[in-house]
Each structure stands twice: as structure tokens, then as C-alpha cells.
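A.B. asks: Following this message is one structure expressed as C-alpha cells.
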There are 2 protein chains.
Amino acid sequence: MDHASNPDPVPTRLREGFERIALVLRADLWSAAGMAGLNPTQAQVLALLSARPDGLRPKEIAAHLAVSAPSMADTLAALERKALLRRTPDPADARALIARLTEDGLAAGRSLASAASQVAAALSQLSAAEQAGLLRAQIKLIRALQLAGAIPVQRLCVSCRHFRPNAHPGEAAAHHCDFVNAAIGDRDLRLDCGEHEEADPAVQAATWTDFTQG
Amino acid sequence: MDHASNPDPVPTRLREGFERIALVLRADLWSAAGMAGLNPTQAQVLALLSARPDGLRPKEIAAHLAVSAPSMADTLAALERKALLRRTPDPADARALIARLTEDGLAAGRSLASAASQVAAALSQLSAAEQAGLLRAQIKLIRALQLAGAIPVQRLCVSCRHFRPNAHPGEAAAHHCDFVNAAIGDRDLRLDCGEHEEADPAVQAATWTDFTQG
DNA sequence: CACGTTAAATAGGAGTCCTATCTTTATCTG
DNA sequence: CAGATAAAGATAGGACTCCTATTTAACGTG
């Protein structure tokens with residue numbers, strides 16, 4: 001294998017697989033959003049802010065959805081027109097705003113979250129072990145993307161100070177969350193936990209080592 | 001936790017993970033396409049048709065990219081304006097067209113395929129075993145989506161008449177492709193092989209059983 | 001050969017998404 | 001503390017995606 005002259009083709013093929021799945025995700029989003037009179041981007045903003053009761057700045061929302069700030073301003077204006085969202089001045093910084101969902105916006109977000117998804121249906125056909133393996137792989141990818149600066153910091157269990165990986169070695173639910181004080185398995189790991197509290201960098205590194213070696 | 005009254009939350013969480021990754025894919029596509037003066041949809045058409053020397057009908061392209069036929073007509077017109085693609089009448093059906101890339105289109109497709117991708121970079125950090133597991137999971141998902149009618153038929157190894165799963169049990173490259181007459185491992189499986197020939201449904205079912213039990 | 005079906009284009013409209021340019025406020029320096 | 005620099009957001013302008021509904025032309029069948 002000459003990794004030198006050619007890049008490894010496997011990551012490229014895997015990326016193509018993700019692209020196939022992403023197309024279905026987008027179709028899912030169109031159908032779910034369409035029923036609510038929305039489009040995919042608006043639906044994604046609703047989904048993001050549903051999990052953020054304290055709201056988020058327009059710039060942060062743009063970063064999470066990987067679009068430019070002016071694009072996000074378009075979408076936020078559309079959502080504000082539909083009375084699903086409100087932008088209020090940020091008391092901490094007179095330049096900034098905080099975007100929050102209205103009651104209607106939260107309701108729309110809830111109905112979106114429970115909408116049918118062909119991807120979720122396909123995922124539910126995998127075995128529990130496959131699902132766990134897939135979730136671990138996603139966590140590794142998300143962490144790598146985060147370290148590379150490709151995405152903003154996510155509220156993952158593995159970077160949370162409440163998380164103790166492999167606290168129960170050998171058991172099905174091997175990890176432990178000190179916040180809920182319960183054992184959790186690979187399948188229970190969160191990608192966006194509302195209770196997340198960023199751990200100290202050194203602690204995070206140790207946690208990651210324990211997690212990947214478990 | 002009442003897992004009973006609610007649908008299994010794991011597929012939903014996995015779908016969210018895919019959505020995170022899909023956002024990065026889209027950003028990758030914007031940056032790669034932007035350098036070529038294109039946008040993501042145009043780039044996806046180029047990528048699709050690069051692997052289809054015989055061309056595809058507009059309707060088929062629309063199905064592959066999960067958009068409506070009129071939307072695809074817009075995009076094809078844009079690509080034709082840029083002289084990257086040509087639509088010619090289909091000799092077999094006077095209603096239909098065949099869309100094919102021009103030389104410039106093929107060149108643009110090639111440069112797009114080799115463009116940097118943050119997702120591919122993250123994927124290359126996974127171990128070979130993890131990559132193989134991920135590819136197998138993708139194949140299962142794609143097959144499930146295909147059976148559900150969510151996506152058009154894909155040119156997967158596992159549905160090809162040249163493919164013999166677990167022909168070399170116990171070895172690293174456990175499968176065999178009769179077309180290239182070589183052993184191939186899980187990591188070598190194709191999601192869109194140009195040499196694909198759809199196997200007989202009964203054979204496909206048997207192949208799938210052998211593959212999933214290996 | 002009339003009939004329903006299918007492939008594609010067209011019309012019309014909403015809205016995403018970009019870059020570039022402002023305005024305002026915060027922050028950093030001499 | 002004044003002035004420069006940086007940052008958050010809005011606005012302008014333009015290309016284009018994406019939808020539904022409609023139209024045109026050609027296929028297939030009884």
C-alpha cells in the first residue's frame with residue numbers, strides 16, 4: 001500500500017456512504033417540515049433551539065448549522081415573521097442578540113422531533129450491538145471534527161464532567177453519569193445533552209482515553 | 001425511563017448524529033464546489049454522472065438526489081449553461097433525454113472528487129476495524145432504505161452477481177469478486193460499482209444471508 | 001385510434017445562500 | 001482616555017434551489 005502517492009480510498013468511500021444517507025435525511029426533513037409549513041433550514045433551527053431554553057446568538061446558530069451569518073439572518077427573519085422565534089437584545093453585549101423560540105416555536109419543534117424518518121426506521125433495523133458501534137463511531141467522528149474546528153463544541157457525554165467511562169467494567173451499562181447517578185451503556189450516550197458541563201481539558205483527555213480503551 | 005411507552009430513542013439519536021455529520025458534508029461540498037464556481041447541487045450532479053459514462057435521464061438524477069424533477073431541470077439547465085453537461089434525446093424514447101457530462105464536466109467532476117473533505121479526514125482517523133464496521137453498517141442502512149423505496153437501487157457489491165460473500169472464511173479478505181477475480185475484505189466493498197450487475201432476487205437474498213452471517 | 005400514463009419543460013413564487021458593505025458597540029493600546 | 005481594531009449583526013444584490021401546478025409531446029393499451 002502506498003499511502004504516500006494516493007490517499008487511502010476507504011475514508012472517501014465512507015464519505016460517499018454518508019452522502020447517500022444525508023440525501024435521505026434531507027428528504028425526511030422536507031417532508032416533516034413541509035407539514036408544518038416550513039423548509040429544512042427553518043426546521044433545523046427549530047430543532048436546535050428546542051434543546052436550548054436559554055437561546056443562542058444568531059452567530060452561534062449559524063456556526064451550528066454551518067451557514068454564514070447573513071444566511072442565518074434570512075432564516076431567523078422568516079421564523080420571526082411566522083412568530084415561531086423572537087430575537088431580543090443580549091443584556092451582556094449591546095451588539096448581540098439572543099434568539100429564542102416562542103411557545104408556538106417550541107410546539108412546532110416538538111412535532112418536528114416526533115415526525116417520521118426513513119433514516120430512523122432503517123436504523124431501528126440494526127441490532128443493538130450495531131447501533132452501539134455506530135454511536136461510538138459517530139462520537140469519534142464528531143470529536144475529531146470538533147478538534148479540527150469544523151464544528152462548534154458539542155455537548156457530548158464524553159466531554160462532560162459528570163461522565164465516568166467504564167465505571168462498571170464488564171457490565172452492559174459500563175459507564176456512569178454522576179448527574180443522573182445511573183449506569184449508562186454505549187447506546188445511551190448523548191450527542192447533545194442539556195445537562196452537559198464541559199470538563200477540564202486534562203480531565204477530558206483522561207476521560208477520552210478511558211472511553212476508547214473500554 | 002419508560003422505554004415501553006415511547007419508541008426506541010436510540011435510532012432517533014443516531015439520526016441526529018448523522019445530521020451533524022451531514023452539515024459538515026454540506027460545508028465540504030460548498031467549499032469544494034465553490035472553487036469550481038459551482039454550488040452543492042451542481043457538484044452532486046457532477047459527482048453522480050462522473051460514475052455513469054452512459055448518462056442518466058433527468059428523472060433518474062432527480063431520484064438519486066432526492067429532489068423533484070423540476071428542481072433538477074433547473075440545475076441541469078445551469079450546468080448546461082456552464083457547458084459542463086449536455087442533454088440529448090434518448091433514441092429509445094422520444095419523450096426522454098439523456099444527460100451526460102462534457103469533457104469539461106468530467107474534468108470538474110474529477111477535481112471535485114479529489115477535493116479536501118473534513119469528514120474524510122475525520123474518517124481516516126478511525127481504525128481499520130472501525131472503518132470496516134462503519135461500512136458494513138452503511139451497507140445495511142442503504143439496503144434497508146432501498147427496500148423501503150426511500151432511495152433508488154444502488155450498485156452495491158452485495159446485490160451484484162459477481163459478488164461471493166465469505167468465499168474465504170477466516171481470512172482478512174473474506175469475500176470474492178468474480179469480475180476482478182480477487183479476494184476483497186469488508187473495507188473494499190463498493191457502494192457504487194461501475195461493474196455492478198444486478199443479481200437475481202433469489203440469489204441476492206442468499207447472498208445477503210451469507211454476508212450478514214459472516 | 002381514443003385513453004390514460006409518463007418524461008420533461010415551463011410558470012410563478014418563497015426562500016436559501018453567498019460576498020461585500022455598512023452601523024454600532026466592545027475591546028485593546030499607547 | 002482617545003483612537004484604532006475587532007466583532008455582532010443588518011442590509012443590498014444576485015444566483016440559484018426548490019416547491020406545486022400546469023402544459024406539451026410521446027408512449028402504451030384495449
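By order in the C-alpha cells, chains are A, B, ...; within a chain, residues start at 1; ligands start at 1, following the order shown.
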Compute the chain D side of the contact with chain A at 9 Å, counting only C-alpha atoms (C1' of nucleotides), and hand it back as a list of chain:residue names.

C.D. replies: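 Therefore, the residues near the partner are D:DA7, D:DA8, D:DG9, D:DA10.
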
A.B. asks: Print the selection's residues with all heavy atoms to a file, as a short mmCIF file (atom, residue, chain, number, x, y, z; two decimals), in the first residue's frame.

C.D. replies:
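Result file again09.cif:
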data_model
loop_
_atom_site.label_atom_id
_atom_site.label_comp_id
_atom_site.auth_asym_id
_atom_site.auth_seq_id
_atom_site.Cartn_x
_atom_site.Cartn_y
_atom_site.Cartn_z
P DA D 7 -12.08 39.61 16.21
OP1 DA D 7 -11.61 38.52 17.09
OP2 DA D 7 -11.94 39.54 14.74
"O5'" DA D 7 -13.61 39.87 16.56
"C5'" DA D 7 -13.98 40.21 17.89
"C4'" DA D 7 -15.45 40.54 17.92
"O4'" DA D 7 -15.64 41.84 17.33
"C3'" DA D 7 -16.30 39.57 17.10
"O3'" DA D 7 -17.37 39.13 17.92
"C2'" DA D 7 -16.79 40.40 15.91
"C1'" DA D 7 -16.77 41.81 16.49
N9 DA D 7 -16.59 42.88 15.51
C8 DA D 7 -15.71 42.93 14.49
N7 DA D 7 -15.78 44.05 13.77
C5 DA D 7 -16.78 44.78 14.41
C6 DA D 7 -17.34 46.05 14.16
N6 DA D 7 -16.95 46.83 13.17
N1 DA D 7 -18.33 46.45 14.99
C2 DA D 7 -18.73 45.65 15.98
N3 DA D 7 -18.27 44.44 16.31
C4 DA D 7 -17.29 44.06 15.49
P DA D 8 -18.43 38.09 17.37
OP1 DA D 8 -18.64 37.08 18.42
OP2 DA D 8 -18.05 37.69 15.99
"O5'" DA D 8 -19.73 38.99 17.26
"C5'" DA D 8 -20.34 39.50 18.44
"C4'" DA D 8 -21.70 40.08 18.10
"O4'" DA D 8 -21.48 41.29 17.34
"C3'" DA D 8 -22.55 39.16 17.23
"O3'" DA D 8 -23.89 39.17 17.70
"C2'" DA D 8 -22.43 39.76 15.83
"C1'" DA D 8 -22.15 41.24 16.10
N9 DA D 8 -21.28 41.86 15.11
C8 DA D 8 -20.16 41.32 14.54
N7 DA D 8 -19.56 42.11 13.68
C5 DA D 8 -20.35 43.25 13.67
C6 DA D 8 -20.25 44.46 12.95
N6 DA D 8 -19.29 44.73 12.09
N1 DA D 8 -21.20 45.40 13.19
C2 DA D 8 -22.18 45.12 14.07
N3 DA D 8 -22.37 44.01 14.81
C4 DA D 8 -21.41 43.11 14.55
P DG D 9 -24.91 38.14 17.06
OP1 DG D 9 -25.92 37.83 18.07
OP2 DG D 9 -24.17 37.06 16.40
"O5'" DG D 9 -25.61 39.03 15.94
"C5'" DG D 9 -26.31 40.20 16.35
"C4'" DG D 9 -26.47 41.14 15.18
"O4'" DG D 9 -25.19 41.43 14.60
"C3'" DG D 9 -27.29 40.61 14.01
"O3'" DG D 9 -28.63 41.09 14.14
"C2'" DG D 9 -26.59 41.16 12.77
"C1'" DG D 9 -25.45 41.98 13.33
N9 DG D 9 -24.24 41.93 12.55
C8 DG D 9 -23.34 40.90 12.48
N7 DG D 9 -22.34 41.13 11.68
C5 DG D 9 -22.59 42.40 11.18
C6 DG D 9 -21.85 43.17 10.25
O6 DG D 9 -20.80 42.89 9.68
N1 DG D 9 -22.46 44.40 10.01
C2 DG D 9 -23.63 44.82 10.59
N2 DG D 9 -24.06 46.02 10.25
N3 DG D 9 -24.33 44.11 11.46
C4 DG D 9 -23.76 42.91 11.71
P DA D 10 -29.70 40.79 13.02
OP1 DA D 10 -31.03 40.95 13.65
OP2 DA D 10 -29.33 39.53 12.34
"O5'" DA D 10 -29.49 42.00 12.00
"C5'" DA D 10 -29.63 43.34 12.46
"C4'" DA D 10 -29.54 44.29 11.28
"O4'" DA D 10 -28.21 44.25 10.75
"C3'" DA D 10 -30.49 43.95 10.13
"O3'" DA D 10 -31.13 45.14 9.70
"C2'" DA D 10 -29.56 43.37 9.05
"C1'" DA D 10 -28.24 44.05 9.36
N9 DA D 10 -27.07 43.22 9.03
C8 DA D 10 -26.80 41.96 9.51
N7 DA D 10 -25.67 41.46 9.07
C5 DA D 10 -25.17 42.46 8.24
C6 DA D 10 -24.00 42.55 7.47
N6 DA D 10 -23.09 41.57 7.40
N1 DA D 10 -23.80 43.68 6.75
C2 DA D 10 -24.72 44.66 6.82
N3 DA D 10 -25.85 44.70 7.53
C4 DA D 10 -26.02 43.56 8.21
#

A.B. asks: Find the residues near range 134-138 of chain A: any atom within 8 Å, counting only C-alpha atoms (C1' of nucleotides), skip ones fewer than 6 places away on the same chain, and give them as a VMD selection string.

C.D. replies: (chain A and resid 186 to 187 189) or (chain B and resid 14 17 to 18 130 134 137)

A.B. asks: Convert the current residue selection to file output with N, CA and C atoms, as a tab-separated table (two decimals), in the first residue's frame.

C.D. replies:
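Saved result, again.tsv, follows:
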chain	number	residue	atom	x	y	z
A	186	ASP	N	-23.20	2.13	26.10
A	186	ASP	CA	-22.80	2.84	24.89
A	186	ASP	C	-24.01	3.39	24.14
A	187	ARG	N	-25.08	2.63	24.16
A	187	ARG	CA	-26.27	3.06	23.42
A	187	ARG	C	-26.97	4.26	24.04
A	189	LEU	N	-25.40	6.94	25.23
A	189	LEU	CA	-24.58	8.15	25.19
A	189	LEU	C	-25.30	9.25	24.42
B	14	LEU	N	-29.22	8.34	16.84
B	14	LEU	CA	-28.28	8.06	15.74
B	14	LEU	C	-28.59	8.96	14.54
B	17	GLY	N	-27.01	12.17	15.04
B	17	GLY	CA	-25.58	12.11	14.74
B	17	GLY	C	-25.33	12.23	13.25
B	18	PHE	N	-26.13	11.52	12.48
B	18	PHE	CA	-25.98	11.63	11.03
B	18	PHE	C	-26.25	13.05	10.57
B	130	GLU	N	-12.76	-0.24	12.70
B	130	GLU	CA	-13.90	0.67	12.84
B	130	GLU	C	-14.44	1.10	11.48
B	134	LEU	N	-18.14	0.43	10.12
B	134	LEU	CA	-18.96	1.54	9.66
B	134	LEU	C	-19.47	1.29	8.24
B	137	ALA	N	-22.23	-1.15	8.33
B	137	ALA	CA	-23.46	-0.52	8.83
B	137	ALA	C	-24.10	0.33	7.73

A.B. asks: Select, from D:DT29, D:DT5, D:DT22, D:DT17, the residue with the minimum atom-to-atom distance to DA26 in chain C, counting only C-alpha atoms (C1' of nucleotides).

C.D. replies: D:DT5

A.B. asks: Just how far from CA of Asp28 in chain B is CA of Ala116 in chain B, in Å to one decimal?

C.D. replies: 7.6 Å

A.B. asks: I need the residues in range 90-168 of chain B that are strand (DSSP E) according to DSSP; give them as a list of chain:residue names.

C.D. replies: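 Of range 90-168 of chain B, the ones in strand (DSSP E) are B:Asp90, B:Asp93, B:Ala94, B:Arg95, B:Ala96, B:Leu97, B:Ile98, B:Ala99, B:Arg100, B:Leu101, B:Phe163, B:Arg164.
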
A.B. asks: Go ahead and save the residues from that selection, with N, CA, C and O atoms, as a PDB file, in the first residue's frame.

C.D. replies:
ATOM      1  N   ASP B  90     -33.151  10.774 -26.093  1.00  0.00           N
ATOM      2  CA  ASP B  90     -32.945   9.331 -25.909  1.00  0.00           C
ATOM      3  C   ASP B  90     -33.500   8.620 -27.136  1.00  0.00           C
ATOM      4  O   ASP B  90     -34.704   8.724 -27.415  1.00  0.00           O
ATOM      5  N   ASP B  93     -36.629   6.515 -26.605  1.00  0.00           N
ATOM      6  CA  ASP B  93     -37.897   7.099 -26.161  1.00  0.00           C
ATOM      7  C   ASP B  93     -37.864   8.596 -26.456  1.00  0.00           C
ATOM      8  O   ASP B  93     -37.133   9.337 -25.821  1.00  0.00           O
ATOM      9  N   ALA B  94     -38.696   8.992 -27.402  1.00  0.00           N
ATOM     10  CA  ALA B  94     -38.633  10.378 -27.870  1.00  0.00           C
ATOM     11  C   ALA B  94     -39.064  11.394 -26.822  1.00  0.00           C
ATOM     12  O   ALA B  94     -38.837  12.589 -26.981  1.00  0.00           O
ATOM     13  N   ARG B  95     -39.700  10.921 -25.748  1.00  0.00           N
ATOM     14  CA  ARG B  95     -40.070  11.871 -24.681  1.00  0.00           C
ATOM     15  C   ARG B  95     -38.877  12.184 -23.810  1.00  0.00           C
ATOM     16  O   ARG B  95     -38.805  13.240 -23.178  1.00  0.00           O
ATOM     17  N   ALA B  96     -37.966  11.228 -23.754  1.00  0.00           N
ATOM     18  CA  ALA B  96     -36.926  11.264 -22.723  1.00  0.00           C
ATOM     19  C   ALA B  96     -35.626  11.876 -23.239  1.00  0.00           C
ATOM     20  O   ALA B  96     -35.392  11.985 -24.446  1.00  0.00           O
ATOM     21  N   LEU B  97     -34.795  12.266 -22.300  1.00  0.00           N
ATOM     22  CA  LEU B  97     -33.474  12.811 -22.604  1.00  0.00           C
ATOM     23  C   LEU B  97     -32.427  11.961 -21.887  1.00  0.00           C
ATOM     24  O   LEU B  97     -32.729  11.220 -20.969  1.00  0.00           O
ATOM     25  N   ILE B  98     -31.199  12.133 -22.335  1.00  0.00           N
ATOM     26  CA  ILE B  98     -30.084  11.546 -21.599  1.00  0.00           C
ATOM     27  C   ILE B  98     -29.115  12.676 -21.275  1.00  0.00           C
ATOM     28  O   ILE B  98     -28.700  13.406 -22.176  1.00  0.00           O
ATOM     29  N   ALA B  99     -28.814  12.806 -20.018  1.00  0.00           N
ATOM     30  CA  ALA B  99     -27.874  13.842 -19.579  1.00  0.00           C
ATOM     31  C   ALA B  99     -26.505  13.214 -19.403  1.00  0.00           C
ATOM     32  O   ALA B  99     -26.371  12.189 -18.730  1.00  0.00           O
ATOM     33  N   ARG B 100     -25.517  13.810 -20.032  1.00  0.00           N
ATOM     34  CA  ARG B 100     -24.142  13.309 -19.983  1.00  0.00           C
ATOM     35  C   ARG B 100     -23.209  14.473 -19.729  1.00  0.00           C
ATOM     36  O   ARG B 100     -23.476  15.588 -20.169  1.00  0.00           O
ATOM     37  N   LEU B 101     -22.107  14.187 -19.060  1.00  0.00           N
ATOM     38  CA  LEU B 101     -21.116  15.245 -18.839  1.00  0.00           C
ATOM     39  C   LEU B 101     -20.314  15.481 -20.110  1.00  0.00           C
ATOM     40  O   LEU B 101     -20.048  14.556 -20.879  1.00  0.00           O
ATOM     41  N   PHE B 163     -20.489 -11.026  -6.927  1.00  0.00           N
ATOM     42  CA  PHE B 163     -20.023 -11.000  -5.532  1.00  0.00           C
ATOM     43  C   PHE B 163     -20.302 -12.315  -4.820  1.00  0.00           C
ATOM     44  O   PHE B 163     -21.423 -12.825  -4.848  1.00  0.00           O
ATOM     45  N   ARG B 164     -19.266 -12.858  -4.162  1.00  0.00           N
ATOM     46  CA  ARG B 164     -19.448 -14.077  -3.369  1.00  0.00           C
ATOM     47  C   ARG B 164     -18.983 -13.826  -1.933  1.00  0.00           C
ATOM     48  O   ARG B 164     -17.783 -13.816  -1.655  1.00  0.00           O
TER      49      ARG B 164
END

A.B. asks: From the set A:Cys193, A:Leu141, A:Ala83, A:Thr209, which residue has the shortest atom-to-atom contact distance to Val24 in chain B, counting only C-alpha atoms?

C.D. replies: A:Leu141

A.B. asks: Show which residues sit within 10 Å of Ala47 in chain B, as a list of chain:residue names. Count only C-alpha atoms (C1' of nucleotides), and ignore same-chain residues fewer than 6 positions away.

C.D. replies: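 Listing them by chain and then by number gives B:Thr41, B:Gly105, B:Leu106, B:Ala108, B:Gly109, B:Arg110, B:Ser111, B:Leu112, B:Ala113.
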
A.B. asks: Could you give me, as CSV, a per-residue list for chain B showing, wherever an atom lies at most 8 Å from an atom of chain A, the closest pair of atoms and their distance in Å to one decimal, using only C-alpha atoms and sorting by chain then residue number from low to high?

C.D. replies:
residue,atom,partner,partner_atom,distance
B:Asp8,CA,A:Ser124,CA,7.9
B:Val10,CA,A:Arg187,CA,6.7
B:Pro11,CA,A:Ala120,CA,5.1
B:Thr12,CA,A:Ala120,CA,5.7
B:Arg13,CA,A:Leu191,CA,7.5
B:Leu14,CA,A:Leu135,CA,6.3
B:Arg15,CA,A:Ala120,CA,5.9
B:Glu16,CA,A:Leu191,CA,7.9
B:Gly17,CA,A:Gln138,CA,6.2
B:Phe18,CA,A:Ala22,CA,7.3
B:Glu19,CA,A:Leu25,CA,7.1
B:Arg20,CA,A:Ile142,CA,7.8
B:Ile21,CA,A:Ile142,CA,7.4
B:Ala22,CA,A:Ala22,CA,5.5
B:Leu23,CA,A:Ala66,CA,6.3
B:Val24,CA,A:Ala66,CA,7.0
B:Leu25,CA,A:Glu19,CA,7.1
B:Ala27,CA,A:Ala66,CA,6.3
B:Leu65,CA,A:Leu23,CA,6.4
B:Ala66,CA,A:Leu23,CA,6.3
B:Val67,CA,A:Ala27,CA,7.8
B:Gln118,CA,A:Ala150,CA,7.0
B:Val119,CA,A:Arg15,CA,6.6
B:Ala120,CA,A:Pro11,CA,5.0
B:Ala121,CA,A:Pro11,CA,7.4
B:Ala122,CA,A:Ala144,CA,5.5
B:Leu123,CA,A:Pro11,CA,5.3
B:Ser124,CA,A:Pro11,CA,5.4
B:Gln125,CA,A:Ala144,CA,7.9
B:Leu126,CA,A:Lys140,CA,7.8
B:Glu130,CA,A:Ala137,CA,7.2
B:Gln131,CA,A:Val10,CA,7.6
B:Gly133,CA,A:Gly133,CA,7.8
B:Leu134,CA,A:Leu134,CA,6.7
B:Leu135,CA,A:Leu14,CA,6.3
B:Ala137,CA,A:Glu130,CA,7.2
B:Gln138,CA,A:Gly17,CA,6.2
B:Lys140,CA,A:Leu126,CA,7.8
B:Leu141,CA,A:Ala122,CA,5.6
B:Ile142,CA,A:Ile21,CA,7.4
B:Ala144,CA,A:Ala122,CA,5.5
B:Leu145,CA,A:Ala122,CA,6.2
B:Ala150,CA,A:Gln118,CA,7.0
B:Ile151,CA,A:Val24,CA,7.4
B:Arg187,CA,A:Val10,CA,6.7
B:Asp188,CA,A:Val10,CA,7.4
B:Arg190,CA,A:Arg13,CA,7.5
B:Leu191,CA,A:Gly17,CA,6.9

A.B. asks: In range 19-100 of chain A, what's helix (DSSP H, G or I) per DSSP? Answer as a PyMOL selection string?

C.D. replies: chain A and resi 19-35+40-50+58-64+69-81

A.B. asks: Pick out the closest residue to chain C from this set: A:Leu84, A:Leu76, A:Ala174, A:Val180. Count only C-alpha atoms (C1' of nucleotides).

C.D. replies: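 Of A:Leu84, A:Leu76, A:Ala174, A:Val180, the one nearest chain C is A:Leu76, counting only C-alpha atoms (C1' of nucleotides).
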
A.B. asks: Could you tell me which residues of chain C sit within 12 Å of chain A when counting only C-alpha atoms (C1' of nucleotides), and give me the result as a PyMOL selection string?

C.D. replies: chain C and resi 14-20+23-27

A.B. asks: Just give me the gap between CA of Glu60 in chain B and C1' of DT10 in chain C in Å, one decimal is fine.

C.D. replies: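 Those two atoms sit 19.7 Å apart.
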
A.B. asks: Can you pull out every residue within 12 Å of DG30 in chain C, counting only C-alpha atoms (C1' of nucleotides), but drop anything in the same chain fewer than 2 positions away, and send it as a JSON list (two decimals) with C-alpha atoms (C1' of nucleotides), in the first residue's frame?

C.D. replies:
[["chain", "number", "residue", "atom", "x", "y", "z"],
["C", 28, "DC", "C1'", -7.39, 46.56, 23.02],
["D", 1, "DC", "C1'", -8.80, 58.26, 27.90],
["D", 2, "DA", "C1'", -8.55, 58.76, 22.76],
["D", 3, "DG", "C1'", -8.08, 56.29, 18.71],
["D", 4, "DA", "C1'", -7.52, 52.07, 16.29]]

A.B. asks: Quote the spacing between CA of Thr207 in chain A and CA of Cys177 in chain A in Å to one decimal place.

C.D. replies: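 If I compute the distance from CA of Thr207 in chain A to CA of Cys177 in chain A, I get 12.4 Å.
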
A.B. asks: Find the residues around DT23 in chain D up to 12 Å (only C-alpha atoms (C1' of nucleotides) counted), leave out those fewer than 2 positions away in its own chain, and share them as a PyMOL selection string.

C.D. replies: (chain C and resi 8-11) or (chain D and resi 21+25)
